[in-house]
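To start, the structure itself, in structure tokens.
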Amino acid sequence: MPGETRTALIQLLLAEVLIGSVGVFVHESGQDPVTAVFFRCVFGSLFLLAWGWSRGLLQDLWRDVALLRAAAISGVLLVLNWVLLFAGMERSSIGVATMVYHFFPFAMLAFAALFYGERTRAVDIAWSALAFVGVLLSADPQRLWREADAGYLFGIALTFGAALLAGASLMMSRRISRQRPLAVVLVQCVVGIVLLAPFADIAAAAVPGAHWWWLAGLGLIHSGVCYVLMYSAYPRLPVGTLAVIAFVYPGVALLLDYLLYGQALGLLQGAGLALIVLGTLGVNLKWRLLRTRSDAAAAIECGEPEHAASR
């Protein structure tokens with residue numbers, strides 16, 4: 001393996017491990033989802049602004065009206081996605097919410113076909129259906145049937161809504177983010193500050209305490225360091241490697257949820273996770289269930305994963 005590729009692989013692995021801890025940081029901060037996302041945007045903006053300015057990545061950004069407009073609109077969806085995801089984690093569990101949330105690549109696939117006219121292979125629809133079954137199983141159907149309260153059900157619904165918003169946000173920003181991804185994420189974080197400032201409980205968070213370390217980490221690590229590592233690694237790795245490594249994130253989230261909070265997966269949830277992994281790899285790696293003429297004729301453009309900012 002060439003040295004540059006090895007470095008990129010290490011960078012991406014580190015980023016996925018770090019992003020897998022986002023649920024822990026939200027939980028330990030002790031803040032409501034809106035306040036947690038607000039400070040994630042604040043600290044994330046500070047980091048991205050400093051990094052982008054020092055690297056010359058923000059030069060003449062204010063002149064790029066198309067980028068600013070698209071990033072602002074997609075930023076609203078992205079921030080709302082974060083709020084719903086954190087609220088879903090709060091009402092269910094970090095592990096369950098993380099698995100349900102991983103429906104968003106398939107939501108993105110559907111939006112691409114519905115609103116952008118991108119051709120979708122029949123086999124990709126089949127893989128997506130398989131992954132959706134996995135999402136249903138990962139929500140712990142036994143608990144849903146026997147003992148789940150309204151709060152747990154609402155948490156699952158919020159997480160599923162977050163996945164849809166993430167897919168929509170990524171579809172809106174995908175065509176402008178390839179050249180200046182860091183700038184797009186910075187604009188989205190600034191939009192989050194403006195959008196959530198009236199609703200965040202800043203007074204409660206202002207009290208001195210350890211929660212500030214967790215809030216700072218949400219922005220500096222999960223919206224700062226992780227994005228820099230990811231966007232640096234993406235161009236130097238094949239899409240197959242990216243598709244596989246993407247599952248480090250939910251794996252770390254599930255492990256931390258078990259080690260720190262005692263939340264273990266049931267048998268059906270484990271099967272659901274396996275189906276989500278299988279379906280995602282099937283779409284990203286262009287696996288075919290059966291070779292058909294239509295599959296050969298219709299293929300989706302295979303490029304870099306665009307899911308970093310959704311998490």
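Please note that chains go A, B, ... in the order of the structure tokens, that every chain numbers its residues from 1, and that ligands are numbered from 1 in the order shown.
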Legend entry - Contacts of region 160-176 of chain A at 10 Å (only C-alpha atoms; same-chain gap of 4+ positions) as number ranges by chain: A: 66-88, 97-112, 115-116, 135, 154-156, 180-181, 184-185, 305-311
I want to know what sits within 12 Å of Gln263 (chain A), based on only C-alpha atoms, with residues of the same chain fewer than 4 positions away left out; could you give that as a PDB file with N, CA, C and O atoms, in the first residue's frame?
ATOM      1  N   SER A  92     -34.458   6.985  22.867  1.00  0.00           N
ATOM      2  CA  SER A  92     -34.292   5.540  22.647  1.00  0.00           C
ATOM      3  C   SER A  92     -32.960   5.115  23.251  1.00  0.00           C
ATOM      4  O   SER A  92     -32.866   4.856  24.440  1.00  0.00           O
ATOM      5  N   SER A  93     -31.919   5.058  22.452  1.00  0.00           N
ATOM      6  CA  SER A  93     -30.558   4.829  22.933  1.00  0.00           C
ATOM      7  C   SER A  93     -29.607   5.235  21.824  1.00  0.00           C
ATOM      8  O   SER A  93     -30.003   5.365  20.652  1.00  0.00           O
ATOM      9  N   ILE A  94     -28.354   5.440  22.179  1.00  0.00           N
ATOM     10  CA  ILE A  94     -27.364   5.853  21.187  1.00  0.00           C
ATOM     11  C   ILE A  94     -27.225   4.795  20.096  1.00  0.00           C
ATOM     12  O   ILE A  94     -27.199   5.101  18.908  1.00  0.00           O
ATOM     13  N   GLY A  95     -27.158   3.517  20.515  1.00  0.00           N
ATOM     14  CA  GLY A  95     -26.960   2.449  19.550  1.00  0.00           C
ATOM     15  C   GLY A  95     -28.132   2.274  18.615  1.00  0.00           C
ATOM     16  O   GLY A  95     -27.962   2.202  17.386  1.00  0.00           O
ATOM     17  N   VAL A  96     -29.348   2.202  19.147  1.00  0.00           N
ATOM     18  CA  VAL A  96     -30.535   2.021  18.320  1.00  0.00           C
ATOM     19  C   VAL A  96     -30.715   3.201  17.369  1.00  0.00           C
ATOM     20  O   VAL A  96     -30.978   3.026  16.170  1.00  0.00           O
ATOM     21  N   ALA A  97     -30.583   4.413  17.888  1.00  0.00           N
ATOM     22  CA  ALA A  97     -30.744   5.596  17.040  1.00  0.00           C
ATOM     23  C   ALA A  97     -29.703   5.620  15.925  1.00  0.00           C
ATOM     24  O   ALA A  97     -30.012   5.985  14.783  1.00  0.00           O
ATOM     25  N   ASP A 140     -35.584  -2.673  17.400  1.00  0.00           N
ATOM     26  CA  ASP A 140     -35.964  -3.586  18.476  1.00  0.00           C
ATOM     27  C   ASP A 140     -37.460  -3.875  18.436  1.00  0.00           C
ATOM     28  O   ASP A 140     -38.222  -3.437  19.316  1.00  0.00           O
ATOM     29  N   ALA A 253     -20.191   3.444  17.932  1.00  0.00           N
ATOM     30  CA  ALA A 253     -21.348   3.935  18.689  1.00  0.00           C
ATOM     31  C   ALA A 253     -22.009   2.813  19.480  1.00  0.00           C
ATOM     32  O   ALA A 253     -22.359   2.983  20.652  1.00  0.00           O
ATOM     33  N   LEU A 254     -22.163   1.653  18.848  1.00  0.00           N
ATOM     34  CA  LEU A 254     -22.771   0.512  19.530  1.00  0.00           C
ATOM     35  C   LEU A 254     -21.888   0.025  20.683  1.00  0.00           C
ATOM     36  O   LEU A 254     -22.385  -0.308  21.760  1.00  0.00           O
ATOM     37  N   LEU A 255     -20.579  -0.011  20.450  1.00  0.00           N
ATOM     38  CA  LEU A 255     -19.651  -0.460  21.487  1.00  0.00           C
ATOM     39  C   LEU A 255     -19.664   0.476  22.684  1.00  0.00           C
ATOM     40  O   LEU A 255     -19.731   0.037  23.844  1.00  0.00           O
ATOM     41  N   LEU A 256     -19.629   1.769  22.440  1.00  0.00           N
ATOM     42  CA  LEU A 256     -19.644   2.742  23.534  1.00  0.00           C
ATOM     43  C   LEU A 256     -20.972   2.700  24.287  1.00  0.00           C
ATOM     44  O   LEU A 256     -21.006   2.846  25.519  1.00  0.00           O
ATOM     45  N   ASP A 257     -22.055   2.520  23.551  1.00  0.00           N
ATOM     46  CA  ASP A 257     -23.368   2.439  24.188  1.00  0.00           C
ATOM     47  C   ASP A 257     -23.429   1.248  25.137  1.00  0.00           C
ATOM     48  O   ASP A 257     -24.052   1.304  26.208  1.00  0.00           O
ATOM     49  N   TYR A 258     -22.777   0.163  24.760  1.00  0.00           N
ATOM     50  CA  TYR A 258     -22.752  -1.025  25.607  1.00  0.00           C
ATOM     51  C   TYR A 258     -21.806  -0.842  26.795  1.00  0.00           C
ATOM     52  O   TYR A 258     -22.161  -1.132  27.951  1.00  0.00           O
ATOM     53  N   LEU A 259     -20.584  -0.354  26.533  1.00  0.00           N
ATOM     54  CA  LEU A 259     -19.580  -0.230  27.589  1.00  0.00           C
ATOM     55  C   LEU A 259     -19.948   0.828  28.628  1.00  0.00           C
ATOM     56  O   LEU A 259     -19.731   0.641  29.838  1.00  0.00           O
ATOM     57  N   GLN A 269     -31.895  -7.205  16.550  1.00  0.00           N
ATOM     58  CA  GLN A 269     -31.164  -5.972  16.247  1.00  0.00           C
ATOM     59  C   GLN A 269     -29.839  -6.266  15.551  1.00  0.00           C
ATOM     60  O   GLN A 269     -29.434  -5.556  14.639  1.00  0.00           O
TER      61      GLN A 269
END
Inset, instruction - Please return as a PyMOL selection string: the residues of region 38-282 of chain A that backbone DSSP assigns to alpha helix (DSSP H). - result: chain A and resi 38-54+65-91+94-101+104-115+122-138+141-146+150-173+181-196+202-205+211-217+226-233+239-245+248-261+267-282
Can you build me a table of region 36-122 of chain A residues sitting at most 12 Å from region 209-227 of chain A, with the closest atom pair per residue and its distance in Å to one decimal, using only C-alpha atoms, sorted by chain and residue number, as JSON lines?
{"residue": "A:Ala36", "atom": "CA", "partner": "A:Leu215", "partner_atom": "CA", "distance": 6.6}
{"residue": "A:Val37", "atom": "CA", "partner": "A:Leu218", "partner_atom": "CA", "distance": 8.3}
{"residue": "A:Phe38", "atom": "CA", "partner": "A:Leu215", "partner_atom": "CA", "distance": 9.3}
{"residue": "A:Phe39", "atom": "CA", "partner": "A:Leu215", "partner_atom": "CA", "distance": 6.1}
{"residue": "A:Arg40", "atom": "CA", "partner": "A:Gly219", "partner_atom": "CA", "distance": 4.0}
{"residue": "A:Cys41", "atom": "CA", "partner": "A:Gly219", "partner_atom": "CA", "distance": 6.1}
{"residue": "A:Val42", "atom": "CA", "partner": "A:Gly219", "partner_atom": "CA", "distance": 6.8}
{"residue": "A:Phe43", "atom": "CA", "partner": "A:Gly219", "partner_atom": "CA", "distance": 4.4}
{"residue": "A:Gly44", "atom": "CA", "partner": "A:Gly219", "partner_atom": "CA", "distance": 3.9}
{"residue": "A:Ser45", "atom": "CA", "partner": "A:Gly219", "partner_atom": "CA", "distance": 7.6}
{"residue": "A:Leu46", "atom": "CA", "partner": "A:Leu220", "partner_atom": "CA", "distance": 8.0}
{"residue": "A:Phe47", "atom": "CA", "partner": "A:Gly224", "partner_atom": "CA", "distance": 5.7}
{"residue": "A:Leu48", "atom": "CA", "partner": "A:Gly224", "partner_atom": "CA", "distance": 5.9}
{"residue": "A:Leu49", "atom": "CA", "partner": "A:Gly224", "partner_atom": "CA", "distance": 9.5}
{"residue": "A:Ala50", "atom": "CA", "partner": "A:Gly224", "partner_atom": "CA", "distance": 10.1}
{"residue": "A:Trp51", "atom": "CA", "partner": "A:Gly224", "partner_atom": "CA", "distance": 8.7}
{"residue": "A:Gly52", "atom": "CA", "partner": "A:Gly224", "partner_atom": "CA", "distance": 10.5}
{"residue": "A:Val79", "atom": "CA", "partner": "A:Ser223", "partner_atom": "CA", "distance": 11.8}
{"residue": "A:Trp82", "atom": "CA", "partner": "A:Ser223", "partner_atom": "CA", "distance": 11.4}
{"residue": "A:Phe86", "atom": "CA", "partner": "A:Leu218", "partner_atom": "CA", "distance": 11.8}
Export, as a short mmCIF file (atom, residue, chain, number, x, y, z; two decimals), in the first residue's frame, the selected residues with N, CA, C and O atoms.
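Below you can see out32.cif, which holds the result:
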data_model
loop_
_atom_site.label_atom_id
_atom_site.label_comp_id
_atom_site.auth_asym_id
_atom_site.auth_seq_id
_atom_site.Cartn_x
_atom_site.Cartn_y
_atom_site.Cartn_z
N ALA A 36 -27.51 21.58 22.47
CA ALA A 36 -26.31 20.83 22.10
C ALA A 36 -25.91 21.12 20.66
O ALA A 36 -24.72 21.33 20.35
N VAL A 37 -26.88 21.13 19.74
CA VAL A 37 -26.57 21.41 18.33
C VAL A 37 -26.11 22.85 18.17
O VAL A 37 -25.19 23.14 17.38
N PHE A 38 -26.71 23.78 18.91
CA PHE A 38 -26.30 25.19 18.82
C PHE A 38 -24.82 25.34 19.14
O PHE A 38 -24.07 25.98 18.39
N PHE A 39 -24.38 24.75 20.24
CA PHE A 39 -22.98 24.88 20.61
C PHE A 39 -22.07 24.04 19.72
O PHE A 39 -20.89 24.39 19.54
N ARG A 40 -22.59 22.95 19.18
CA ARG A 40 -21.81 22.23 18.17
C ARG A 40 -21.52 23.14 16.99
O ARG A 40 -20.40 23.16 16.46
N CYS A 41 -22.52 23.90 16.57
CA CYS A 41 -22.34 24.83 15.45
C CYS A 41 -21.39 25.97 15.82
O CYS A 41 -20.57 26.40 15.00
N VAL A 42 -21.49 26.48 17.05
CA VAL A 42 -20.62 27.58 17.49
C VAL A 42 -19.16 27.15 17.47
O VAL A 42 -18.30 27.79 16.83
N PHE A 43 -18.85 26.07 18.19
CA PHE A 43 -17.46 25.63 18.27
C PHE A 43 -16.98 25.07 16.93
O PHE A 43 -15.81 25.25 16.57
N GLY A 44 -17.87 24.43 16.18
CA GLY A 44 -17.49 23.94 14.86
C GLY A 44 -17.15 25.07 13.91
O GLY A 44 -16.18 24.99 13.15
N SER A 45 -17.93 26.14 13.96
CA SER A 45 -17.66 27.30 13.10
C SER A 45 -16.31 27.93 13.43
O SER A 45 -15.55 28.31 12.52
N LEU A 46 -16.00 28.05 14.71
CA LEU A 46 -14.73 28.64 15.11
C LEU A 46 -13.55 27.82 14.58
O LEU A 46 -12.58 28.37 14.05
N PHE A 47 -13.66 26.49 14.70
CA PHE A 47 -12.58 25.63 14.23
C PHE A 47 -12.45 25.71 12.71
O PHE A 47 -11.34 25.89 12.17
N LEU A 48 -13.57 25.57 12.00
CA LEU A 48 -13.53 25.56 10.53
C LEU A 48 -13.10 26.91 9.98
O LEU A 48 -12.39 26.97 8.96
N LEU A 49 -13.51 27.99 10.63
CA LEU A 49 -13.09 29.32 10.20
C LEU A 49 -11.58 29.48 10.35
O LEU A 49 -10.90 29.96 9.44
N ALA A 50 -11.05 29.08 11.50
CA ALA A 50 -9.60 29.20 11.74
C ALA A 50 -8.82 28.31 10.77
O ALA A 50 -7.82 28.74 10.18
N TRP A 51 -9.27 27.07 10.59
CA TRP A 51 -8.56 26.15 9.70
C TRP A 51 -8.66 26.61 8.25
O TRP A 51 -7.65 26.64 7.54
N GLY A 52 -9.85 26.96 7.82
CA GLY A 52 -10.03 27.39 6.43
C GLY A 52 -9.28 28.66 6.11
O GLY A 52 -8.68 28.79 5.04
N VAL A 79 -28.99 21.07 10.10
CA VAL A 79 -29.10 21.40 11.52
C VAL A 79 -30.34 20.75 12.14
O VAL A 79 -30.29 20.20 13.25
N TRP A 82 -29.58 17.17 12.78
CA TRP A 82 -28.81 16.96 14.00
C TRP A 82 -29.73 17.02 15.23
O TRP A 82 -29.61 16.20 16.15
N PHE A 86 -30.24 13.83 17.78
CA PHE A 86 -29.90 13.90 19.20
C PHE A 86 -31.14 13.67 20.07
O PHE A 86 -31.06 13.03 21.13
#
Inset, instruction - Would you mind reading off the distance between CA of Thr280 (chain A) and CA of Met89 (chain A), one decimal, in Å? - result: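 Between CA of Thr280 (chain A) and CA of Met89 (chain A) the gap is 21.9 Å.
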Inset, instruction - Measuring atom to atom with only C-alpha atoms, identify which of A:Asp32, A:Asp124, A:Asp60, A:Glu16 is nearest to Ala204 (chain A). - result: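 Among A:Asp32, A:Asp124, A:Asp60, A:Glu16, it is A:Asp32 that comes nearest to Ala204 (chain A).
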Inset, instruction - Could you check which of A:Val244, A:Leu195, A:Ile19, A:Leu265 is closest to Thr35 (chain A), using only C-alpha atoms? - result: A:Leu195
Inset, instruction - Could you tell me which of A:Gln31, A:Ser54, A:Ser21, A:Gly270 comes closest to Ala203 (chain A) if we count only C-alpha atoms? - result: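 Distance minimum relative to Ala203 (chain A) lands on A:Gln31.
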Legend entry - Interatomic distance, CA of Ile193 (chain A) to CA of Asp64 (chain A) (Å, one decimal):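 Atom-to-atom, CA of Ile193 (chain A) to CA of Asp64 (chain A), that is 20.8 Å.
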Inset, instruction - Could you jot down the CA of Val22 (chain A) to CA of Tyr249 (chain A) separation for me, Å, one decimal place? - result: 9.6 Å
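For Ala183 (chain A), the residues within 8 Å (counting only C-alpha atoms, excluding itself and residues fewer than 6 positions away along the chain) are Gly52, Leu57, Leu58 and Leu61 of chain A.
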